[in-house]
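Heads up, the thing below is written out as C-alpha cells.
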Amino acid sequence: DYTESRKLPLQLKVFYTLSLYCGFRKGETLALHWNDIDFENHTISISKSVGKGEEGAVIKKPKTATSIRTVTFPADLTPLLKRYKSEYNQYRFSLGTAWQGDGNLFIQDDGKLMGRSTSYQAYKRHIRRYNEWVRENPEEAKKQQLEALPEIPLHGLRHSCATLLNYLEVNIIDISKILGHAKSSTTMDIYAHSFEEQNTEAANKLNAFLVNNKRKQA
C-alpha cells in the first residue's frame with residue numbers, strides 16, 4: 001500500500017480562487033497583470049481578456065463595455081495573493097535572462113502567458129482525482145465530512161460566485177456590477193434557477209416576520 005500525493009500549483013489555486021470569489025470570466029482572469037491588483041484597497045481592475053486568435057491566444061477588450069470594471073476582492077484573500085507574488089518573483093529571478101514574461105499573473109515555465117486550456121484541463125483533473133479519492137476512501141471522507149464534487153465546467157465557478165453572493169443577500173444590482181453585466185435583468189435571466197431557492201428563503205423569512213408580529217400584537 002502507498003499514498004500518492006498531488007499538490008495543486010499555487011498559481012492555479014489563485015486562478016480558481018479569483019474565479020470563485022470575484023466571478024471573473026476565464027479570459028478575464030487569464031489576462032490579469034500584477035499592476036491590475038491594488039493590494040492596499042483590495043481591488044482588481046478588469047480591462048482586458050484573453051481570447052482565441054488565428055495564431056493562438058490574443059489580448060482583447062472584455063466581452064462588453066460594462067465588463068470593464070473594478071472589483072473589490074475579500075481582504076482574506078490578500079495573504080494568498082501576496083504569497084503567490086513572492087513565489088512568482090523568486091521564480092522570475094531564478095530564470096534570469098531566460099525569463100520571457102511581461103507581468104502576467106498566470107504563466108508558463110518561461111514566464112509567458114499561460115495557455116488558454118491549461119487552467120481548465122488542470123481543473124478537470126483535480127476534481128476527478130478528488131472524487132476518485134472520495135469513492136475509494138468512503139469512511140475517511142465521511143469522517144472529514146467530504147463529498148464528491150460535481151464535474152462542472154470552469155465557467156461554473158463564476159456561476160457559483162453569483163449564487164453565493166445571492167445567498168449572502170447581496171443586492172442583485174451589486175451582483176450584476178461585480179459580474180460585469182450590462183443590466184441586472186441579464187443576471188436574473190442567467191441565474192434565475194439558482195436564485196429560486198433564495199426566493200423561497202426570503203418568503204420563509206417574511207413569513208417568520210409576520211408570525212412574530214402577530215404574536216406581539218396578540
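Here, A, B, ... name the chains of the C-alpha cells in the order displayed, residue numbers run from 1 inside each chain, and ligands are numbered from 1 in the same displayed order.
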Taking the backbone alone, and naming residues the way the document does, which bits of region 35-129 of chain A are helix (DSSP H, G or I) by DSSP, as a ChimeraX atom specification? /A:35-36,65-67,75-98,118-129
What's around region 102-111 of chain A at 8 Å? Count only C-alpha atoms, leave out sequence neighbours fewer than 5 positions away in its own chain, and write the answer as a compact mmCIF listing (two decimals) with N, CA, C and O atoms, in the first residue's frame.
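Below is the file around-v4.txt, written as the result:
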# COMPACT_ATOMS: atom_id res chain seq x y z
N GLN A 11 -0.25 28.97 -8.41
CA GLN A 11 -0.86 29.89 -9.37
C GLN A 11 -2.25 29.41 -9.81
O GLN A 11 -3.15 30.23 -10.04
N LEU A 12 -2.44 28.10 -9.87
CA LEU A 12 -3.77 27.59 -10.21
C LEU A 12 -4.74 27.76 -9.05
O LEU A 12 -5.93 28.04 -9.26
N PHE A 15 -5.84 31.21 -9.40
CA PHE A 15 -6.73 31.31 -10.56
C PHE A 15 -8.15 30.90 -10.17
O PHE A 15 -9.12 31.63 -10.44
N LEU A 30 -7.29 35.12 -16.88
CA LEU A 30 -6.04 34.79 -17.56
C LEU A 30 -5.28 36.04 -17.99
O LEU A 30 -4.05 36.04 -18.04
N ALA A 31 -5.99 37.11 -18.29
CA ALA A 31 -5.36 38.34 -18.79
C ALA A 31 -4.80 39.23 -17.68
O ALA A 31 -4.16 40.24 -17.97
N LEU A 32 -5.00 38.86 -16.43
CA LEU A 32 -4.57 39.73 -15.33
C LEU A 32 -3.06 39.94 -15.27
O LEU A 32 -2.28 39.02 -15.49
N HIS A 33 -2.67 41.18 -14.96
CA HIS A 33 -1.29 41.55 -14.70
C HIS A 33 -1.19 41.96 -13.23
O HIS A 33 -2.18 42.31 -12.60
N TRP A 34 0.01 41.94 -12.72
CA TRP A 34 0.20 42.33 -11.32
C TRP A 34 -0.21 43.78 -11.09
O TRP A 34 -0.70 44.12 -10.01
N ASN A 35 -0.03 44.64 -12.09
CA ASN A 35 -0.41 46.03 -11.88
C ASN A 35 -1.92 46.25 -11.91
O ASN A 35 -2.40 47.38 -11.72
N ARG A 92 10.92 34.20 -11.04
CA ARG A 92 11.36 35.09 -12.13
C ARG A 92 12.85 35.38 -12.02
O ARG A 92 13.58 35.31 -13.01
N LEU A 95 15.15 32.48 -13.08
CA LEU A 95 15.32 32.22 -14.51
C LEU A 95 16.31 33.18 -15.17
O LEU A 95 16.88 32.85 -16.22
Could you give me, as a tab-separated table, a per-residue list for region 21-55 of chain A showing, wherever an atom lies at most 12 Å from an atom of region 72-79 of chain A, the closest pair of atoms and their distance in Å to one decimal, using only C-alpha atoms and sorting by chain then residue number from low to high?
residue	atom	partner	partner_atom	distance
A:Tyr21	CA	A:Phe73	CA	7.3
A:Cys22	CA	A:Phe73	CA	6.3
A:Gly23	CA	A:Phe73	CA	10.0
A:Phe24	CA	A:Phe73	CA	11.1
A:Asp36	CA	A:Thr72	CA	11.8
A:Ile37	CA	A:Phe73	CA	9.7
A:Asp38	CA	A:Thr72	CA	9.3
A:Phe39	CA	A:Thr78	CA	7.1
A:Glu40	CA	A:Thr78	CA	9.4
A:Asn41	CA	A:Thr72	CA	7.8
A:His42	CA	A:Phe73	CA	5.6
A:Thr43	CA	A:Thr72	CA	4.2
A:Ile44	CA	A:Thr72	CA	6.4
A:Ser45	CA	A:Thr72	CA	8.9
A:Ile46	CA	A:Thr72	CA	11.0
Using only C-alpha atoms, which protein or nucleic acid residues come within 8 Å of region 61-66 of chain A? Drop anything in the same chain fewer than 2 positions from it, and give the result as a ChimeraX atom specification. /A:28,46-49,59,68-69,177,180-182
Atomic distance CA of Val71 (chain A) - CA of Leu10 (chain A), expressed in Å with one decimal: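 Distance between the two atoms: 21.7 Å.
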Of A:Leu210, A:Leu20, A:Leu168, A:Met114, the one nearest to Leu154 (chain A) when counting only C-alpha atoms is A:Leu20
Strand (DSSP E or B) residues, from DSSP on the backbone, in region 2-218 of chain A, as an NGL selection string: :A and (33 or 37-38 or 43-46 or 49-53 or 56-60 or 69-72 or 104 or 107 or 113)
File dump, residues just selected, C-alpha atoms, as a PDB file, in the first residue's frame:
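The resulting file, out-v9.pdb, is reproduced below:
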ATOM      1  CA  HIS A  33      -1.288  41.553 -14.698  1.00  0.00           C
ATOM      2  CA  ILE A  37      -4.139  44.421  -8.388  1.00  0.00           C
ATOM      3  CA  ASP A  38      -4.362  47.148  -5.743  1.00  0.00           C
ATOM      4  CA  THR A  43      -9.373  45.826  -5.739  1.00  0.00           C
ATOM      5  CA  ILE A  44      -8.686  44.218  -9.105  1.00  0.00           C
ATOM      6  CA  SER A  45      -9.143  46.092 -12.390  1.00  0.00           C
ATOM      7  CA  ILE A  46     -10.629  44.187 -15.321  1.00  0.00           C
ATOM      8  CA  SER A  49      -9.410  39.487 -21.720  1.00  0.00           C
ATOM      9  CA  VAL A  50      -7.622  36.611 -23.424  1.00  0.00           C
ATOM     10  CA  GLY A  51      -9.366  35.228 -26.469  1.00  0.00           C
ATOM     11  CA  LYS A  52      -8.639  32.886 -29.352  1.00  0.00           C
ATOM     12  CA  GLY A  53      -6.995  34.310 -32.450  1.00  0.00           C
ATOM     13  CA  GLY A  56      -3.281  31.401 -30.785  1.00  0.00           C
ATOM     14  CA  ALA A  57      -4.155  33.472 -27.714  1.00  0.00           C
ATOM     15  CA  VAL A  58      -4.719  37.200 -28.149  1.00  0.00           C
ATOM     16  CA  ILE A  59      -5.308  40.016 -25.673  1.00  0.00           C
ATOM     17  CA  LYS A  60      -8.516  41.883 -26.420  1.00  0.00           C
ATOM     18  CA  ARG A  69     -14.786  47.236 -14.135  1.00  0.00           C
ATOM     19  CA  THR A  70     -13.029  47.331 -10.780  1.00  0.00           C
ATOM     20  CA  VAL A  71     -13.925  44.523  -8.397  1.00  0.00           C
ATOM     21  CA  THR A  72     -13.238  44.563  -4.675  1.00  0.00           C
ATOM     22  CA  ASN A 104       1.097  38.286 -16.387  1.00  0.00           C
ATOM     23  CA  ILE A 107       2.383  31.864 -16.723  1.00  0.00           C
ATOM     24  CA  LEU A 113       1.227  33.827 -20.709  1.00  0.00           C
TER      25      LEU A 113
END
Which distance in Å separates CA of Val14 (chain A) and CA of Leu80 (chain A), to one decimal?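 Here the two named atoms are 7.3 Å from each other.
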Using only C-alpha atoms: which of A:Ala98, A:Ser67, A:Lys26, A:Ile190 has the shortest distance to His159 (chain A): A:Ile190
Restricting the calculation to only C-alpha atoms, which member of A:Pro153, A:Ala162, A:Ile172, A:Glu55 is positioned closest to Ser119 (chain A)?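 Checking each of A:Pro153, A:Ala162, A:Ile172, A:Glu55 against Ser119 (chain A), counting only C-alpha atoms, the winner is A:Pro153.
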